[in-house]
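Student: Have a peek at protein_39.pdb (PDB, C-alpha atoms and all ligand atoms).
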```
ATOM      1  CA  MET W   1       0.000   0.000   0.000
ATOM      2  CA  LYS W   2       2.769   2.418   0.980
ATOM      3  CA  PHE W   3       4.519   1.667  -2.256
ATOM      4  CA  PHE W   4       1.452   2.573  -4.311
ATOM      5  CA  LEU W   5       0.977   5.776  -2.395
ATOM      6  CA  PHE W   6       4.580   6.690  -3.030
ATOM      7  CA  THR W   7       4.322   5.924  -6.767
ATOM      8  CA  TYR W   8       1.110   7.944  -6.940
ATOM      9  CA  LEU W   9       2.608  11.013  -5.248
ATOM     10  CA  PHE W  10       5.769  10.697  -7.277
ATOM     11  CA  SER W  11       3.805  10.668 -10.577
ATOM     12  CA  ILE W  12       1.889  13.754  -9.512
ATOM     13  CA  MET W  13       5.166  15.530  -8.779
ATOM     14  CA  ILE W  14       6.540  14.628 -12.210
ATOM     15  CA  ILE W  15       3.370  15.856 -13.921
ATOM     16  CA  LEU W  16       3.396  19.152 -12.000
ATOM     17  CA  PHE W  17       7.055  19.629 -12.791
ATOM     18  CA  SER W  18       6.592  19.040 -16.514
ATOM     19  CA  ILE W  19       3.690  21.467 -16.941
ATOM     20  CA  GLN W  20       5.561  24.227 -15.163
ATOM     21  CA  SER W  21       6.847  26.767 -17.694
ATOM     22  CA  LYS W  22      10.513  26.968 -18.649
ATOM     23  CA  SER W  23      12.870  28.802 -16.347
ATOM     24  CA  LEU W  24      14.200  32.173 -17.485
ATOM     25  CA  SER W  25      17.724  30.791 -17.859
ATOM     26  CA  LYS W  26      16.545  27.884 -20.063
ATOM     27  CA  SER W  27      14.452  30.272 -22.152
ATOM     28  CA  LYS W  28      17.475  32.589 -22.596
ATOM     29  CA  GLU W  29      19.608  29.605 -23.602
ATOM     30  CA  ASP W  30      17.085  28.539 -26.282
ATOM     31  CA  GLY W  31      16.700  32.189 -27.328
ATOM     32  CA  ALA W  32      20.442  32.537 -27.918
ATOM     33  CA  ILE W  33      20.304  29.710 -30.474
ATOM     34  CA  ILE W  34      17.362  31.362 -32.257
ATOM     35  CA  TYR W  35      19.164  34.730 -32.181
ATOM     36  CA  ASN W  36      22.243  33.246 -33.831
ATOM     37  CA  ASP W  37      20.148  31.574 -36.539
ATOM     38  CA  PHE W  38      17.652  34.339 -37.345
ATOM     39  CA  CYS W  39      18.777  37.729 -36.025
ATOM     40  CA  LEU W  40      22.549  37.895 -35.769
ATOM     41  CA  ARG W  41      23.140  38.560 -39.478
ATOM     42  CA  CYS W  42      21.410  41.943 -39.148
ATOM     43  CA  HIS W  43      21.617  42.856 -35.457
ATOM     44  CA  GLY W  44      25.185  41.606 -34.945
ATOM     45  CA  PRO W  45      26.864  39.591 -32.170
ATOM     46  CA  GLN W  46      26.879  42.571 -29.778
ATOM     47  CA  GLY W  47      23.320  43.719 -30.549
ATOM     48  CA  ARG W  48      24.761  46.876 -32.103
ATOM     49  CA  SER W  49      23.675  48.241 -35.459
ATOM     50  CA  ILE W  50      25.850  46.840 -38.203
ATOM     51  CA  THR W  51      24.511  49.354 -40.739
ATOM     52  CA  LYS W  52      22.841  52.746 -40.280
ATOM     53  CA  THR W  53      19.471  51.356 -41.316
ATOM     54  CA  ILE W  54      19.414  48.664 -38.597
ATOM     55  CA  PRO W  55      18.678  49.768 -35.016
ATOM     56  CA  PRO W  56      20.617  48.499 -31.984
ATOM     57  CA  LEU W  57      19.125  45.952 -29.592
ATOM     58  CA  ASN W  58      21.643  46.698 -26.857
ATOM     59  CA  ASN W  59      20.311  49.586 -24.718
ATOM     60  CA  SER W  60      17.331  49.948 -27.064
ATOM     61  CA  ASP W  61      14.463  51.954 -25.530
ATOM     62  CA  PHE W  62      12.098  50.219 -27.996
ATOM     63  CA  LEU W  63      12.600  46.969 -26.051
ATOM     64  CA  LEU W  64      11.078  48.592 -22.953
ATOM     65  CA  ASN W  65       7.711  48.321 -24.707
ATOM     66  CA  LEU W  66       6.991  44.587 -24.525
ATOM     67  CA  LYS W  67       3.865  44.590 -26.719
ATOM     68  CA  LYS W  68       5.601  46.470 -29.536
ATOM     69  CA  SER W  69       8.685  44.260 -29.202
ATOM     70  CA  ILE W  70       6.521  41.148 -29.571
ATOM     71  CA  SER W  71       4.666  42.674 -32.512
ATOM     72  CA  ILE W  72       7.778  43.582 -34.526
ATOM     73  CA  ILE W  73       9.230  40.075 -34.177
ATOM     74  CA  LYS W  74       5.889  38.369 -34.847
ATOM     75  CA  PHE W  75       4.667  40.515 -37.762
ATOM     76  CA  GLY W  76       7.702  42.558 -38.863
ATOM     77  CA  ALA W  77       7.958  46.373 -38.991
ATOM     78  CA  LYS W  78       4.809  47.746 -40.596
ATOM     79  CA  THR W  79       5.470  51.431 -39.917
ATOM     80  CA  PRO W  80       8.579  53.540 -39.294
ATOM     81  CA  ILE W  81       9.798  53.086 -35.727
ATOM     82  CA  PHE W  82      11.882  55.148 -33.297
ATOM     83  CA  VAL W  83      14.767  53.654 -31.343
ATOM     84  CA  ASN W  84      16.610  55.921 -28.900
ATOM     85  CA  GLY W  85      15.226  58.977 -30.714
ATOM     86  CA  LYS W  86      16.314  57.876 -34.190
ATOM     87  CA  GLU W  87      13.851  56.919 -36.934
ATOM     88  CA  TYR W  88      14.146  53.604 -38.793
ATOM     89  CA  SER W  89      11.878  53.086 -41.738
ATOM     90  CA  GLY W  90      13.579  50.499 -43.864
ATOM     91  CA  ASN W  91      10.773  47.991 -43.368
ATOM     92  CA  SER W  92      13.424  45.348 -43.838
ATOM     93  CA  MET W  93      12.596  43.744 -40.492
ATOM     94  CA  ILE W  94      10.256  41.026 -41.689
ATOM     95  CA  ALA W  95       8.596  38.239 -39.703
ATOM     96  CA  GLN W  96      10.951  35.269 -39.407
ATOM     97  CA  GLY W  97       8.179  32.679 -39.061
ATOM     98  CA  LEU W  98       8.956  31.837 -35.430
ATOM     99  CA  ASP W  99       6.295  30.291 -33.203
ATOM    100  CA  ASP W 100       5.078  31.896 -29.950
ATOM    101  CA  GLU W 101       7.498  30.027 -27.730
ATOM    102  CA  GLU W 102      10.466  30.784 -29.985
ATOM    103  CA  ILE W 103       9.555  34.488 -29.969
ATOM    104  CA  SER W 104       9.320  34.492 -26.160
ATOM    105  CA  ASP W 105      12.714  32.757 -25.939
ATOM    106  CA  VAL W 106      14.470  35.169 -28.295
ATOM    107  CA  LEU W 107      12.921  38.110 -26.414
ATOM    108  CA  ASN W 108      14.091  36.721 -23.068
ATOM    109  CA  PHE W 109      17.548  36.482 -24.600
ATOM    110  CA  ILE W 110      17.769  39.996 -26.094
ATOM    111  CA  ARG W 111      16.089  41.625 -23.057
ATOM    112  CA  ASN W 112      18.706  40.002 -20.775
ATOM    113  CA  ASN W 113      21.898  40.047 -22.790
ATOM    114  CA  TRP W 114      24.723  42.598 -23.303
ATOM    115  CA  ASP W 115      23.832  45.627 -21.113
ATOM    116  CA  ASN W 116      20.116  44.785 -21.129
ATOM    117  CA  SER W 117      18.425  43.284 -18.112
ATOM    118  CA  ASN W 118      14.793  42.697 -17.355
ATOM    119  CA  GLU W 119      13.507  40.481 -14.603
ATOM    120  CA  ILE W 120      10.067  39.997 -16.113
ATOM    121  CA  GLN W 121      10.031  36.777 -18.131
ATOM    122  CA  VAL W 122       8.155  36.820 -21.443
ATOM    123  CA  SER W 123       5.897  33.772 -21.949
ATOM    124  CA  ALA W 124       4.473  32.144 -25.067
ATOM    125  CA  LYS W 125       1.060  33.336 -23.820
ATOM    126  CA  ASP W 126       2.239  36.985 -23.851
ATOM    127  CA  VAL W 127       3.189  36.453 -27.504
ATOM    128  CA  ASN W 128      -0.077  34.694 -28.312
ATOM    129  CA  ASP W 129      -2.037  37.615 -26.817
ATOM    130  CA  ILE W 130      -0.714  39.968 -29.542
ATOM    131  CA  LYS W 131      -3.034  39.186 -32.432
ATOM    132  CA  GLU W 132      -2.242  42.011 -34.859
ATOM    133  CA  PRO W 133       0.632  44.405 -35.647
ATOM    134  CA  LEU W 134       0.923  47.323 -33.201
TER     135      LEU W 134
HETATM  136  C1  LIG W 201      17.123  41.519 -42.579
HETATM  137  C2  LIG W 201      17.656  42.136 -41.382
HETATM  138  C3  LIG W 201      16.990  41.831 -40.054
HETATM  139  C4  LIG W 201      16.787  40.597 -39.466
HETATM  140  C5  LIG W 201      17.142  39.208 -40.014
HETATM  141  C6  LIG W 201      16.175  40.871 -38.185
HETATM  142  N1  LIG W 201      16.005  42.220 -38.009
HETATM  143 FE1  LIG W 201      15.223  43.147 -36.358
HETATM  144  N2  LIG W 201      15.251  44.922 -37.329
HETATM  145  C7  LIG W 201      15.805  45.158 -38.571
HETATM  146  C8  LIG W 201      15.508  46.530 -38.990
HETATM  147  C9  LIG W 201      15.965  47.176 -40.285
HETATM  148  C10 LIG W 201      14.733  47.100 -37.952
HETATM  149  C11 LIG W 201      14.106  48.506 -37.925
HETATM  150  C12 LIG W 201      12.726  48.498 -38.572
HETATM  151  C13 LIG W 201      12.843  48.531 -40.066
HETATM  152  O1  LIG W 201      13.398  49.502 -40.594
HETATM  153  O2  LIG W 201      12.361  47.572 -40.714
HETATM  154  C14 LIG W 201      14.631  46.072 -36.914
HETATM  155  C15 LIG W 201      14.005  46.262 -35.693
HETATM  156  C16 LIG W 201      13.986  45.350 -34.658
HETATM  157  C17 LIG W 201      13.492  45.602 -33.319
HETATM  158  C18 LIG W 201      12.903  46.890 -32.772
HETATM  159  C19 LIG W 201      13.916  47.985 -32.663
HETATM  160  C20 LIG W 201      15.028  47.755 -31.683
HETATM  161  O3  LIG W 201      16.188  47.861 -32.115
HETATM  162  O4  LIG W 201      14.781  47.473 -30.493
HETATM  163  C21 LIG W 201      13.629  44.445 -32.617
HETATM  164  C22 LIG W 201      13.239  44.199 -31.163
HETATM  165  C23 LIG W 201      14.200  43.464 -33.513
HETATM  166  N3  LIG W 201      14.424  44.039 -34.749
HETATM  167  C24 LIG W 201      14.493  42.174 -33.159
HETATM  168  C25 LIG W 201      14.851  41.185 -34.076
HETATM  169  C26 LIG W 201      14.927  39.766 -33.758
HETATM  170  C27 LIG W 201      14.669  39.171 -32.383
HETATM  171  C28 LIG W 201      15.286  39.126 -34.911
HETATM  172  C29 LIG W 201      15.438  37.644 -35.124
HETATM  173  C30 LIG W 201      14.276  36.826 -34.817
HETATM  174  C31 LIG W 201      15.453  40.146 -35.953
HETATM  175  N4  LIG W 201      15.178  41.368 -35.398
HETATM  176  C32 LIG W 201      15.833  39.886 -37.265
HETATM  177  C33 LIG W 201      16.494  44.229 -39.331
HETATM  178  C34 LIG W 201      16.484  42.849 -39.131
END
```
Can the structure from this file be put into structure tokens for me?
Tutor:
Amino acid sequence: MKFFLFTYLFSIMIILFSIQSKSLSKSKEDGAIIYNDFCLRCHGPQGRSITKTIPPLNNSDFLLNLKKSISIIKFGAKTPIFVNGKEYSGNSMIAQGLDDEEISDVLNFIRNNWDNSNEIQVSAKDVNDIKEPL
């Protein structure tokens, strides 16, 4: 009887553990891989502009607006945007076809890398909640 009770409680623990969302550090780790594959060629290894038409991600004030940050990665840039007071209107930032979880991971990475830090973790649900370009 004790054995069954133990197995039962143990299974419940495993189930609870597996439905818990990813930790911030795991999300950042996955986000770094996505960044290298999809973003690095334009935004560079240091998150600095590599050309005048591409805005920086390091110390970007645009990233302080979570909803707009989600929107630009999910749908691309639909209108000119301002980053640290400078206008960018190349419209060359197009959606990379990432799913909600991948977008949350890459955001957790860029919001917490280089000089950026943000304790609030972005979830796949936050990304799902943005249904149209902002
Ligand atoms: C083809 C080049 C290119 C690629 C690839 C690209 N971006 Fe961008 N990104 C831009 C440009 C250019 C802008 C400015 C808006 C515009 O002019 O289209 C921008 C703007 C942004 C912004 C808002 C402004 C800022 O600097 O904070 C974020 C956030 C961003 N990109 C994140 C990403 C992420 C994350 C990826 C990878 C999933 C990515 N970008 C891939 C070129 C690119």
Student: Using the chain letters and numbering of this document, enumerate as a VMD selection string the residues selected by the PyMOL selection byres (((not hetatm)) within 6 of (chain W and resi 201)).
Tutor: chain W and resid 35 38 to 39 42 53 to 57 60 62 to 63 69 73 77 83 88 to 93 96 106
Student: Give me the residues within 10 Å of Phe75 (chain W) as a PDB file with C-alpha atoms, keeping the file's coordinate frame, counting only C-alpha atoms and dropping any in the same chain fewer than 5 places off.
Tutor:
```pdb
ATOM      1  CA  ILE W  70       6.521  41.148 -29.571  1.00  0.00           C
ATOM      2  CA  MET W  93      12.596  43.744 -40.492  1.00  0.00           C
ATOM      3  CA  ILE W  94      10.256  41.026 -41.689  1.00  0.00           C
ATOM      4  CA  ALA W  95       8.596  38.239 -39.703  1.00  0.00           C
ATOM      5  CA  GLN W  96      10.951  35.269 -39.407  1.00  0.00           C
ATOM      6  CA  GLY W  97       8.179  32.679 -39.061  1.00  0.00           C
ATOM      7  CA  LEU W  98       8.956  31.837 -35.430  1.00  0.00           C
ATOM      8  CA  ILE W 130      -0.714  39.968 -29.542  1.00  0.00           C
ATOM      9  CA  LYS W 131      -3.034  39.186 -32.432  1.00  0.00           C
ATOM     10  CA  GLU W 132      -2.242  42.011 -34.859  1.00  0.00           C
ATOM     11  CA  PRO W 133       0.632  44.405 -35.647  1.00  0.00           C
ATOM     12  CA  LEU W 134       0.923  47.323 -33.201  1.00  0.00           C
TER      13      LEU W 134
END
```
Student: Any idea what the distance is between CA of Glu102 (chain W) and CA of Ile72 (chain W)?
Tutor: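 A separation of 13.8 Å between them.
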Student: Enumerate, as a PDB file with C-alpha atoms, keeping the file's coordinate frame, the residues matched when the PyMOL selection byres (((chain W and resi 115) around 7) and not hetatm) is run on the file above.
Tutor:
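So out.pdb came out as:
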```pdb
ATOM      1  CA  ASN W  58      21.643  46.698 -26.857  1.00  0.00           C
ATOM      2  CA  ASN W  59      20.311  49.586 -24.718  1.00  0.00           C
ATOM      3  CA  ASN W 113      21.898  40.047 -22.790  1.00  0.00           C
ATOM      4  CA  TRP W 114      24.723  42.598 -23.303  1.00  0.00           C
ATOM      5  CA  ASN W 116      20.116  44.785 -21.129  1.00  0.00           C
ATOM      6  CA  SER W 117      18.425  43.284 -18.112  1.00  0.00           C
TER       7      SER W 117
END
```
Student: Which residue is closest to Lys86 (chain W)? Choose from W:Lys68, W:Glu119, W:Phe109, W:Lys52 and count only C-alpha atoms.
Tutor: W:Lys52
Student: Check what the PyMOL selection byres (((chain W and resi 121) around 9) and not hetatm) selects in the file above and give those residues as a ChimeraX atom specification.
Tutor: /W:23-24,27,104,107-108,118-120,122-123
Student: Generate the output file for the selected residues, C-alpha atoms, as a compact mmCIF listing (two decimals), keeping the file's coordinate frame.
Tutor:
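Contents of selection.txt, freshly written:
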```
# COMPACT_ATOMS: atom_id res chain seq x y z
CA SER W 23 12.87 28.80 -16.35
CA LEU W 24 14.20 32.17 -17.48
CA SER W 27 14.45 30.27 -22.15
CA SER W 104 9.32 34.49 -26.16
CA LEU W 107 12.92 38.11 -26.41
CA ASN W 108 14.09 36.72 -23.07
CA ASN W 118 14.79 42.70 -17.36
CA GLU W 119 13.51 40.48 -14.60
CA ILE W 120 10.07 40.00 -16.11
CA VAL W 122 8.15 36.82 -21.44
CA SER W 123 5.90 33.77 -21.95
```
Student: Of the residues W:Asp100, W:Asp61, W:Glu87, W:Asp105, which is the one nearest to Ile34 (chain W), using only C-alpha atoms?
Tutor: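 Using only C-alpha atoms, the shortest distance to Ile34 (chain W) belongs to W:Asp105.
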Student: For Asn65 (chain W), which of W:His43, W:Lys78, W:Arg111, W:Lys26 is the closest residue, counting only C-alpha atoms?
Tutor: W:Arg111
Student: Find the distance between CA of Lys74 (chain W) and CA of Glu29 (chain W) and write it in Å to one decimal.
Tutor: 19.8 Å
Student: Which residue is closest to Ala32 (chain W)? Choose from W:Ala124, W:Ile50, W:Ile103, W:Ile110 and count all atoms listed in the file.
Tutor: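 That would be W:Ile110, the residue with the smallest distance to Ala32 (chain W).
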